[in-house]
>>> print(open('model.tsv').read())   # TSV, C-alpha atoms
chain	number	residue	atom	x	y	z
Z	70	MET	CA	55.84	97.20	85.25
Z	71	ASN	CA	59.03	99.24	85.01
Z	72	GLU	CA	61.85	97.20	83.43
Z	73	GLN	CA	64.60	99.79	83.40
Z	74	THR	CA	68.11	98.55	84.10
Z	75	VAL	CA	70.30	100.16	86.74
Z	76	LEU	CA	74.01	99.58	87.32
Z	77	ILE	CA	75.15	100.18	90.90
Z	78	SER	CA	78.89	100.42	91.56
Z	79	GLY	CA	79.76	99.19	95.05
Z	80	ALA	CA	78.50	96.32	97.21
Z	81	GLY	CA	79.09	97.97	100.59
Z	82	ILE	CA	76.15	99.42	102.50
Z	83	ALA	CA	74.41	101.77	100.06
Z	84	GLY	CA	74.73	99.43	97.06
Z	85	PRO	CA	72.80	96.38	98.33
Z	86	THR	CA	70.22	98.63	99.99
Z	87	LEU	CA	69.64	100.37	96.66
Z	88	ALA	CA	69.45	97.05	94.82
Z	89	TYR	CA	66.76	95.76	97.18
Z	90	TRP	CA	64.54	98.83	96.98
Z	91	LEU	CA	65.03	99.42	93.26
Z	92	ALA	CA	64.00	95.81	92.56
Z	93	ARG	CA	60.88	96.35	94.66
Z	94	ALA	CA	60.15	99.44	92.54
Z	95	GLY	CA	60.30	97.36	89.36
Z	96	TYR	CA	63.83	98.11	88.18
Z	97	ARG	CA	66.40	95.48	87.21
Z	98	PRO	CA	69.52	96.27	89.27
Z	99	THR	CA	73.04	94.99	88.70
Z	100	VAL	CA	75.70	95.58	91.37
Z	101	VAL	CA	79.37	95.55	90.36
Z	102	GLU	CA	82.04	95.32	93.06
Z	103	ARG	CA	85.80	95.65	92.60
Z	104	ALA	CA	86.61	93.18	95.40
Z	105	LYS	CA	86.44	89.42	94.84
Z	106	GLY	CA	83.76	89.11	97.50
Z	107	LEU	CA	82.21	91.04	100.35
Z	108	ARG	CA	84.89	93.15	101.94
Z	109	SER	CA	85.88	92.14	105.45
Z	110	SER	CA	85.89	94.83	108.13
Z	111	GLY	CA	85.05	94.12	111.74
Z	112	SER	CA	84.89	97.86	112.39
Z	113	PRO	CA	81.67	98.68	114.24
Z	114	VAL	CA	79.04	100.83	112.56
Z	115	ASP	CA	75.68	102.11	113.72
Z	116	VAL	CA	72.20	101.65	112.31
Z	117	ARG	CA	70.39	104.60	113.82
Z	118	GLY	CA	67.53	107.00	113.29
Z	119	PRO	CA	66.14	106.84	109.73
Z	120	ALA	CA	68.12	103.68	108.92
Z	121	THR	CA	66.23	101.74	111.60
Z	122	HIS	CA	63.04	102.41	109.63
Z	123	VAL	CA	64.69	101.20	106.42
Z	124	ALA	CA	65.92	98.04	108.16
Z	125	ALA	CA	62.48	97.38	109.64
Z	126	GLU	CA	60.81	97.75	106.24
Z	127	MET	CA	63.31	95.20	104.89
Z	128	GLY	CA	62.49	92.81	107.74
Z	129	LEU	CA	66.02	93.00	109.12
Z	130	THR	CA	65.56	94.28	112.67
Z	131	GLY	CA	65.91	90.84	114.25
Z	132	LYS	CA	69.00	89.92	112.23
Z	133	LEU	CA	70.70	93.20	113.09
Z	134	ARG	CA	70.05	92.71	116.80
Z	135	GLU	CA	71.40	89.16	116.70
Z	136	ALA	CA	74.64	90.53	115.17
Z	137	SER	CA	74.95	93.51	117.52
Z	138	THR	CA	78.00	94.13	119.70
Z	139	ASP	CA	77.94	93.96	123.50
Z	140	VAL	CA	79.51	97.37	124.16
Z	141	THR	CA	77.81	99.26	126.98
Z	142	ALA	CA	80.45	101.83	127.98
Z	143	LEU	CA	83.29	104.01	126.74
Z	144	LYS	CA	86.28	104.26	129.09
Z	145	PHE	CA	89.09	106.83	128.86
Z	146	VAL	CA	92.51	105.88	130.25
Z	147	ASP	CA	95.84	107.61	130.90
Z	148	ASP	CA	99.44	106.56	130.13
Z	149	ALA	CA	99.37	103.96	132.90
Z	150	GLY	CA	95.96	102.59	131.90
Z	151	ARG	CA	94.15	104.23	134.82
Z	152	ARG	CA	90.58	105.31	134.11
Z	153	THR	CA	90.12	109.06	133.66
Z	154	GLY	CA	86.50	109.02	132.54
Z	155	ARG	CA	83.64	106.72	131.62
Z	156	VAL	CA	80.40	107.09	129.70
Z	157	ALA	CA	77.50	104.65	129.64
Z	158	MET	CA	76.29	104.16	126.08
Z	159	SER	CA	72.71	103.90	127.32
Z	160	VAL	CA	72.57	107.68	127.60
Z	161	LEU	CA	72.72	107.96	123.83
Z	162	GLY	CA	70.05	107.33	121.24
Z	163	SER	CA	66.92	105.24	121.28
Z	164	GLY	CA	66.25	101.61	121.94
Z	165	ASP	CA	65.97	101.01	118.20
Z	166	ASP	CA	69.66	101.82	117.52
Z	167	VAL	CA	71.99	98.92	116.75
Z	168	GLU	CA	75.81	98.76	116.68
Z	169	LEU	CA	77.30	95.86	114.71
Z	170	SER	CA	80.35	95.15	112.59
Z	171	ARG	CA	80.41	96.51	109.08
Z	172	THR	CA	81.09	92.97	107.85
Z	173	ASP	CA	77.87	91.71	109.40
Z	174	LEU	CA	75.79	94.66	108.19
Z	175	ALA	CA	77.10	94.34	104.62
Z	176	ALA	CA	76.49	90.57	104.63
Z	177	ILE	CA	72.93	90.95	105.93
Z	178	LEU	CA	72.11	93.56	103.29
Z	179	TYR	CA	73.72	91.49	100.53
Z	180	GLU	CA	71.83	88.34	101.51
Z	181	THR	CA	68.58	90.28	101.49
Z	182	ALA	CA	69.21	91.75	98.03
Z	183	ALA	CA	70.95	88.81	96.36
Z	184	ASP	CA	67.80	87.10	95.07
Z	185	ARG	CA	66.46	90.38	93.68
Z	186	ALA	CA	69.54	91.69	91.85
Z	187	GLU	CA	72.53	90.58	89.81
Z	188	PHE	CA	75.84	90.86	91.69
Z	189	VAL	CA	79.15	90.90	89.76
Z	190	PHE	CA	82.29	90.70	91.91
Z	191	HIS	CA	85.95	91.28	90.96
Z	192	ASP	CA	85.17	93.84	88.29
Z	193	SER	CA	84.93	97.62	88.00
Z	194	ILE	CA	83.81	100.38	85.67
Z	195	THR	CA	86.47	101.94	83.46
Z	196	GLU	CA	84.42	104.11	81.07
Z	197	LEU	CA	81.00	105.75	81.05
Z	198	HIS	CA	79.40	107.27	77.94
Z	199	GLN	CA	75.84	108.50	78.25
Z	200	ASP	CA	73.21	109.86	75.89
Z	201	ASP	CA	69.55	110.78	76.28
Z	202	GLY	CA	68.49	107.13	76.36
Z	203	GLY	CA	71.05	105.43	78.60
Z	204	VAL	CA	74.66	104.84	79.61
Z	205	ASP	CA	77.21	102.67	77.79
Z	206	VAL	CA	79.54	101.10	80.37
Z	207	THR	CA	82.96	99.56	79.82
Z	208	PHE	CA	84.28	97.22	82.50
Z	209	GLU	CA	87.77	96.21	83.50
Z	210	ARG	CA	87.01	92.51	82.95
Z	211	GLY	CA	83.46	91.98	81.73
Z	212	ALA	CA	81.98	92.75	78.32
Z	213	PRO	CA	80.57	96.25	77.71
Z	214	ARG	CA	76.91	96.73	78.60
Z	215	ARG	CA	74.25	99.41	78.36
Z	216	PHE	CA	72.07	100.53	81.27
Z	217	ASP	CA	69.26	103.01	81.65
Z	218	LEU	CA	70.85	104.48	84.80
Z	219	VAL	CA	74.16	104.25	86.68
Z	220	ILE	CA	74.57	104.86	90.42
Z	221	GLY	CA	77.96	105.34	92.07
Z	222	ALA	CA	77.81	103.88	95.55
Z	223	ASP	CA	81.53	103.14	95.57
Z	224	GLY	CA	82.74	105.12	98.55
Z	225	LEU	CA	85.02	108.03	99.32
Z	226	HIS	CA	87.39	107.21	96.44
Z	227	SER	CA	84.55	106.69	93.96
Z	228	GLY	CA	85.46	105.65	90.45
Z	229	VAL	CA	82.04	106.64	89.12
Z	230	ARG	CA	82.45	110.15	90.57
Z	231	ARG	CA	85.85	110.49	88.91
Z	232	LEU	CA	84.56	109.32	85.52
Z	233	ALA	CA	81.33	111.33	85.51
Z	234	PHE	CA	82.15	114.45	87.54
Z	235	GLY	CA	85.91	114.97	87.64
Z	236	PRO	CA	89.06	114.30	89.67
Z	237	GLU	CA	88.85	113.44	93.34
Z	238	HIS	CA	90.73	116.51	94.56
Z	239	ALA	CA	87.90	118.73	93.28
Z	240	PHE	CA	85.43	117.24	95.77
Z	241	VAL	CA	87.33	115.60	98.65
Z	242	GLU	CA	88.51	117.81	101.51
Z	243	HIS	CA	91.08	116.62	104.07
Z	244	MET	CA	89.79	117.39	107.58
Z	245	GLY	CA	93.17	117.49	109.35
Z	246	VAL	CA	93.00	113.96	110.77
Z	247	TYR	CA	94.20	110.52	109.68
Z	248	ILE	CA	92.68	107.21	110.74
Z	249	ALA	CA	93.96	103.64	110.77
Z	250	THR	CA	92.29	100.46	111.95
Z	251	LEU	CA	93.71	97.03	112.57
Z	252	PRO	CA	92.23	93.73	113.81
Z	253	LEU	CA	94.18	92.57	116.86
Z	254	ALA	CA	95.62	89.14	117.48
Z	255	GLU	CA	94.16	88.74	120.96
Z	256	PRO	CA	90.54	88.72	122.18
Z	257	PRO	CA	89.33	91.75	124.15
Z	258	ALA	CA	89.79	91.86	127.90
Z	259	ASP	CA	86.21	93.08	128.29
Z	260	ARG	CA	83.57	92.65	125.59
Z	261	THR	CA	81.45	95.43	127.07
Z	262	GLU	CA	83.98	98.29	127.14
Z	263	LEU	CA	85.39	100.48	124.41
Z	264	VAL	CA	88.72	101.85	125.72
Z	265	MET	CA	90.31	105.08	124.51
Z	266	TYR	CA	93.71	106.64	125.21
Z	267	ASN	CA	94.73	110.19	124.26
Z	268	SER	CA	97.83	112.33	124.09
Z	269	PRO	CA	97.69	115.82	122.54
Z	270	GLY	CA	96.63	115.50	118.92
Z	271	ARG	CA	96.49	111.70	119.07
Z	272	ALA	CA	94.02	109.02	120.08
Z	273	VAL	CA	94.08	105.23	120.20
Z	274	ALA	CA	91.02	103.10	120.86
Z	275	VAL	CA	90.45	99.39	121.30
Z	276	HIS	CA	86.95	98.18	120.47
Z	277	PRO	CA	85.97	94.62	121.51
Z	278	SER	CA	83.69	94.22	118.46
Z	279	ARG	CA	82.19	90.70	118.73
Z	280	GLY	CA	85.08	89.03	120.49
Z	281	HIS	CA	87.70	90.07	117.93
Z	282	ALA	CA	89.27	93.29	119.16
Z	283	ILE	CA	90.04	96.14	116.77
Z	284	ALA	CA	92.50	98.99	117.30
Z	285	ALA	CA	91.88	102.44	115.87
Z	286	PHE	CA	94.53	105.14	115.57
Z	287	MET	CA	93.43	108.75	115.02
Z	288	PHE	CA	95.88	111.62	114.81
Z	289	ARG	CA	96.02	115.19	113.63
Z	290	GLY	CA	98.13	115.92	110.58
Z	291	ALA	CA	98.37	118.26	107.62
Z	292	GLU	CA	97.39	117.05	104.19
Z	293	VAL	CA	100.16	114.99	102.58
Z	294	PRO	CA	100.69	116.09	98.95
Z	295	GLY	CA	99.80	113.27	96.61
Z	296	PHE	CA	98.59	111.10	99.51
Z	297	ASP	CA	97.91	107.53	98.37
Z	298	TYR	CA	95.43	105.61	100.52
Z	299	ARG	CA	96.80	102.36	99.06
Z	300	ASN	CA	100.47	102.90	100.07
Z	301	THR	CA	100.74	100.69	103.15
Z	302	ALA	CA	104.47	101.27	103.67
Z	303	LEU	CA	103.89	105.03	103.87
Z	304	HIS	CA	100.98	104.51	106.26
Z	305	LYS	CA	103.10	102.49	108.66
Z	306	GLU	CA	105.79	105.17	108.61
Z	307	MET	CA	103.22	107.88	109.35
Z	308	LEU	CA	101.82	105.93	112.30
Z	309	ALA	CA	105.24	105.22	113.77
Z	310	GLU	CA	106.19	108.90	113.54
Z	311	ALA	CA	102.87	110.19	114.89
Z	312	TYR	CA	102.84	107.91	117.95
Z	313	ALA	CA	106.53	107.88	118.87
Z	314	GLY	CA	106.97	108.22	122.62
Z	315	THR	CA	103.32	107.70	123.59
Z	316	GLY	CA	102.20	105.54	126.50
Z	317	TRP	CA	99.54	102.99	127.46
Z	318	ARG	CA	99.50	100.01	125.03
Z	319	VAL	CA	100.62	102.07	122.05
Z	320	PRO	CA	104.13	100.53	121.62
Z	321	GLU	CA	102.62	97.04	121.65
Z	322	LEU	CA	99.92	98.04	119.16
Z	323	LEU	CA	102.48	99.68	116.87
Z	324	ALA	CA	104.42	96.42	116.84
Z	325	GLN	CA	101.30	94.74	115.45
Z	326	VAL	CA	100.99	97.52	112.88
Z	327	ARG	CA	104.54	96.84	111.64
Z	328	ASP	CA	103.70	93.18	110.99
Z	329	ALA	CA	100.18	93.74	109.64
Z	330	ASP	CA	99.06	92.91	106.13
Z	331	ASP	CA	95.48	94.10	106.65
Z	332	LEU	CA	95.99	97.64	107.91
Z	333	TYR	CA	93.35	100.16	106.85
Z	334	PHE	CA	94.55	103.76	106.63
Z	335	ASP	CA	93.03	106.88	105.13
Z	336	SER	CA	92.56	110.60	105.51
Z	337	VAL	CA	89.48	111.73	107.40
Z	338	SER	CA	87.72	113.50	104.58
Z	339	ARG	CA	84.55	115.34	103.64
Z	340	VAL	CA	82.99	115.14	100.19
Z	341	ARG	CA	81.21	118.26	99.01
Z	342	MET	CA	79.53	118.60	95.61
Z	343	ASP	CA	77.15	121.14	94.08
Z	344	SER	CA	75.15	118.31	92.54
Z	345	TRP	CA	75.11	114.54	92.94
Z	346	ALA	CA	73.65	113.89	89.48
Z	347	ALA	CA	74.91	114.27	85.93
Z	348	GLY	CA	72.36	113.19	83.32
Z	349	ARG	CA	71.57	109.53	83.93
Z	350	ILE	CA	74.36	109.07	86.48
Z	351	VAL	CA	73.91	109.78	90.19
Z	352	LEU	CA	75.94	109.26	93.37
Z	353	ALA	CA	74.91	107.77	96.71
Z	354	GLY	CA	76.50	107.11	100.10
Z	355	ASP	CA	80.06	108.27	100.74
Z	356	ALA	CA	80.65	108.86	97.01
Z	357	ALA	CA	78.20	111.77	97.17
Z	358	SER	CA	78.59	113.13	100.66
Z	359	CYS	CA	81.15	111.39	102.83
Z	360	VAL	CA	81.28	112.65	106.40
Z	361	SER	CA	83.96	110.08	107.19
Z	362	LEU	CA	85.09	109.33	110.73
Z	363	PHE	CA	82.58	111.09	112.94
Z	364	GLY	CA	79.37	110.86	110.95
Z	365	ASP	CA	76.65	108.26	110.73
Z	366	GLY	CA	78.10	106.82	107.54
Z	367	SER	CA	76.17	103.56	107.39
Z	368	THR	CA	72.98	105.17	108.63
Z	369	LEU	CA	73.20	107.88	105.98
Z	370	ALA	CA	74.07	105.34	103.29
Z	371	MET	CA	70.98	103.25	104.03
Z	372	ALA	CA	68.70	106.26	104.40
Z	373	GLY	CA	69.96	107.86	101.19
Z	374	ALA	CA	69.65	104.64	99.22
Z	375	TYR	CA	66.06	104.23	100.36
Z	376	THR	CA	65.18	107.82	99.43
Z	377	LEU	CA	66.80	107.53	96.00
Z	378	ALA	CA	64.99	104.28	95.21
Z	379	GLN	CA	61.65	105.66	96.38
Z	380	GLU	CA	62.00	108.77	94.24
Z	381	LEU	CA	62.98	106.75	91.17
Z	382	GLY	CA	59.94	104.57	91.79
Z	383	ARG	CA	57.70	107.64	91.84
Z	384	THR	CA	58.78	108.93	88.41
Z	385	PRO	CA	60.55	106.15	86.47
Z	386	GLY	CA	60.08	108.09	83.26
Z	387	ASP	CA	61.80	111.19	84.64
Z	388	PRO	CA	65.01	110.23	86.47
Z	389	ALA	CA	66.25	113.83	86.49
Z	390	ALA	CA	63.27	114.90	88.60
Z	391	ALA	CA	63.77	111.89	90.88
Z	392	PHE	CA	67.43	112.78	91.37
Z	393	ARG	CA	66.52	116.36	92.28
Z	394	ARG	CA	63.97	115.26	94.89
Z	395	TYR	CA	66.37	112.67	96.34
Z	396	GLU	CA	69.17	115.19	96.65
Z	397	ALA	CA	66.97	117.89	98.19
Z	398	GLU	CA	65.65	115.47	100.80
Z	399	HIS	CA	68.86	113.66	101.67
Z	400	ARG	CA	70.93	116.82	102.03
Z	401	LYS	CA	68.75	117.65	105.04
Z	402	LEU	CA	70.33	114.67	106.83
Z	403	VAL	CA	73.85	115.01	105.44
Z	404	GLU	CA	74.66	118.67	105.82
Z	405	PRO	CA	74.34	118.92	109.63
Z	406	LYS	CA	76.66	115.92	109.97
Z	407	GLN	CA	79.22	117.49	107.65
Z	408	ARG	CA	79.17	120.73	109.61
Z	409	ASN	CA	79.89	118.87	112.86
Z	410	VAL	CA	83.01	116.98	111.74
Z	411	SER	CA	85.50	119.55	113.02
Z	412	ALA	CA	83.72	119.95	116.35
Z	413	ALA	CA	83.66	116.20	116.90
Z	414	ALA	CA	87.37	115.95	116.05
Z	415	ALA	CA	88.14	118.66	118.60
Z	416	MET	CA	86.41	116.65	121.32
Z	417	LEU	CA	87.78	113.21	120.49
Z	418	ILE	CA	91.30	114.31	119.57
Z	419	PRO	CA	92.07	117.42	121.64
Z	420	ALA	CA	95.12	119.22	120.33
Z	421	THR	CA	96.46	120.26	123.76
Z	422	ARG	CA	96.83	118.77	127.23
Z	423	ARG	CA	94.47	121.39	128.60
Z	424	GLY	CA	91.92	120.28	126.04
Z	425	LEU	CA	92.33	116.68	127.19
Z	426	VAL	CA	91.66	117.64	130.80
Z	427	ALA	CA	88.55	119.59	129.82
Z	428	ARG	CA	87.32	116.72	127.66
Z	429	ASN	CA	87.76	114.16	130.43
Z	430	LEU	CA	85.84	116.36	132.84
Z	431	GLY	CA	83.00	116.59	130.35
Z	432	THR	CA	82.68	112.91	129.42
Z	433	ARG	CA	78.94	112.98	130.01
Z	434	LEU	CA	78.33	115.58	127.34
Z	435	MET	CA	76.11	114.13	124.64
Z	436	PRO	CA	78.09	115.37	121.60
Z	437	LEU	CA	81.16	113.51	122.83
Z	438	VAL	CA	79.25	110.29	123.39
Z	439	SER	CA	77.69	110.54	119.95
Z	440	ALA	CA	81.06	110.93	118.27
Z	441	ALA	CA	82.82	108.32	120.39
Z	442	ARG	CA	80.21	105.70	119.58
Z	443	ARG	CA	81.61	105.70	116.06
Z	444	LEU	CA	85.30	106.20	116.70
Z	445	VAL	CA	86.23	102.96	114.94
Z	446	PRO	CA	84.98	103.76	111.42
Z	447	ALA	CA	83.91	101.54	108.63
Z	448	ARG	CA	85.46	101.58	105.23
Z	449	ALA	CA	83.56	103.79	102.87
Z	450	ALA	CA	80.03	102.69	102.25
>>> encode(input="model.tsv", output="structure tokens")
Amino acid sequence: MNEQTVLISGAGIAGPTLAYWLARAGYRPTVVERAKGLRSSGSPVDVRGPATHVAAEMGLTGKLREASTDVTALKFVDDAGRRTGRVAMSVLGSGDDVELSRTDLAAILYETAADRAEFVFHDSITELHQDDGGVDVTFERGAPRRFDLVIGADGLHSGVRRLAFGPEHAFVEHMGVYIATLPLAEPPADRTELVMYNSPGRAVAVHPSRGHAIAAFMFRGAEVPGFDYRNTALHKEMLAEAYAGTGWRVPELLAQVRDADDLYFDSVSRVRMDSWAAGRIVLAGDAASCVSLFGDGSTLAMAGAYTLAQELGRTPGDPAAAFRRYEAEHRKLVEPKQRNVSAAAAMLIPATRRGLVARNLGTRLMPLVSAARRLVPARAA
């Protein structure tokens, strides 16, 4: 039986999925997570396509359906809140697709992997030194350890990617849009409708989630030099400036932004790399190939984790070959999504009033529905 040790950075979506399948393949996985516990985000995510197979093989289909949201339609409104378009979600996807909060998905995956892997919370990797036989890892809090393999599944702002491949700016591309999400104080007016308001270059959506409404702000903007995704004061200033003078519920929602201590804000970004592996270190999920706002982030994270674990199980004595097969296979899913980011942004956040009119007239177009289904994004998987 294979007894190789694997360190996985990140306990979001890809990390626990990897831990489960690597344990089944005979590896001994350890998952390290910077946060003190599972990160809370009610933002809805989708389990679609190849991820539904992964979930079924893990015996999770029933749990995912029990945690699913009740959203059946997307409604577009004008300044006064009048409906300008509506799309039934039933026109999209298959009956196997599930939308649920990222919190619930992460918890279900963690619970499934927890008895198969070691989980270490409130710690992070600070140094990686590899040789032909393994990787020596230094942690922020824990004692140094040695692992046979290290996998970075730590999201868009991956620490493993920075340590093993280079600075973030070499791989992360700003896509001309910023996103913020915020849990709202009041319950949704309708648990079955996702409501979206647009003005040129700006969008605001309210998703009912599972009875705890979430607001999402999406707006076009040039890259901010030295942008810090952790600078909440700057984020609030950017939102106030971007949405000044807009209608519908926006002034009320901005008031909640000003008082918020749990605002999520980041650049909509795309991660592009020539290779996801360097020796005994490899990347998965958003760390390798983020498609950010308009992609199937959670679906791709689960599918990629499954593929990586399966390939490592095939050739445990040759991780380099396993990494090559994983990357060749998973890029087939990732690259079409990355190519479509700009097109999806153009449909959800039209830059002009004419574009808004055309979009509203075409609300039954499938590409729009597909993008809108994920317009409240999860934090990086």
>>> atom_distance(input="model.tsv", atom1="CA of Arg341 (chain Z)", atom2="CA of Cys359 (chain Z)")
7.9 Å
>>> closest_residue(input="model.tsv", among="Z:Glu404, Z:Asp343, Z:Asp331, Z:Asp201", to="Asp365 (chain Z)", atoms="all atoms listed in the file")
Z:Glu404
>>> closest_residue(input="model.tsv", among="Z:Arg394, Z:His226, Z:Arg271, Z:His281", to="Gly354 (chain Z)", atoms="only C-alpha atoms")
Z:His226
>>> atom_distance(input="model.tsv", atom1="CA of Ala104 (chain Z)", atom2="CA of Ala329 (chain Z)")
19.7 Å
>>> residues_around(input="model.tsv", residues="Leu225 (chain Z)", least_positions_apart="4", cutoff="10 Å", atoms="all atoms listed in the file", output="mmCIF file with C-alpha atoms, in the frame of the given file")
data_model
loop_
_atom_site.group_PDB
_atom_site.id
_atom_site.type_symbol
_atom_site.label_atom_id
_atom_site.label_comp_id
_atom_site.auth_asym_id
_atom_site.auth_seq_id
_atom_site.Cartn_x
_atom_site.Cartn_y
_atom_site.Cartn_z
ATOM 1 C CA ARG Z 230 82.450 110.150 90.570
ATOM 2 C CA GLU Z 237 88.850 113.440 93.340
ATOM 3 C CA PHE Z 240 85.430 117.240 95.770
ATOM 4 C CA VAL Z 241 87.330 115.600 98.650
ATOM 5 C CA ASP Z 335 93.030 106.880 105.130
ATOM 6 C CA VAL Z 337 89.480 111.730 107.400
ATOM 7 C CA SER Z 338 87.720 113.500 104.580
ATOM 8 C CA ARG Z 339 84.550 115.340 103.640
ATOM 9 C CA VAL Z 340 82.990 115.140 100.190
ATOM 10 C CA GLY Z 354 76.500 107.110 100.100
ATOM 11 C CA ASP Z 355 80.060 108.270 100.740
ATOM 12 C CA ALA Z 356 80.650 108.860 97.010
ATOM 13 C CA ALA Z 357 78.200 111.770 97.170
ATOM 14 C CA SER Z 358 78.590 113.130 100.660
ATOM 15 C CA CYS Z 359 81.150 111.390 102.830
ATOM 16 C CA VAL Z 360 81.280 112.650 106.400
ATOM 17 C CA SER Z 361 83.960 110.080 107.190
ATOM 18 C CA ARG Z 448 85.460 101.580 105.230
ATOM 19 C CA ALA Z 449 83.560 103.790 102.870
ATOM 20 C CA ALA Z 450 80.030 102.690 102.250
#
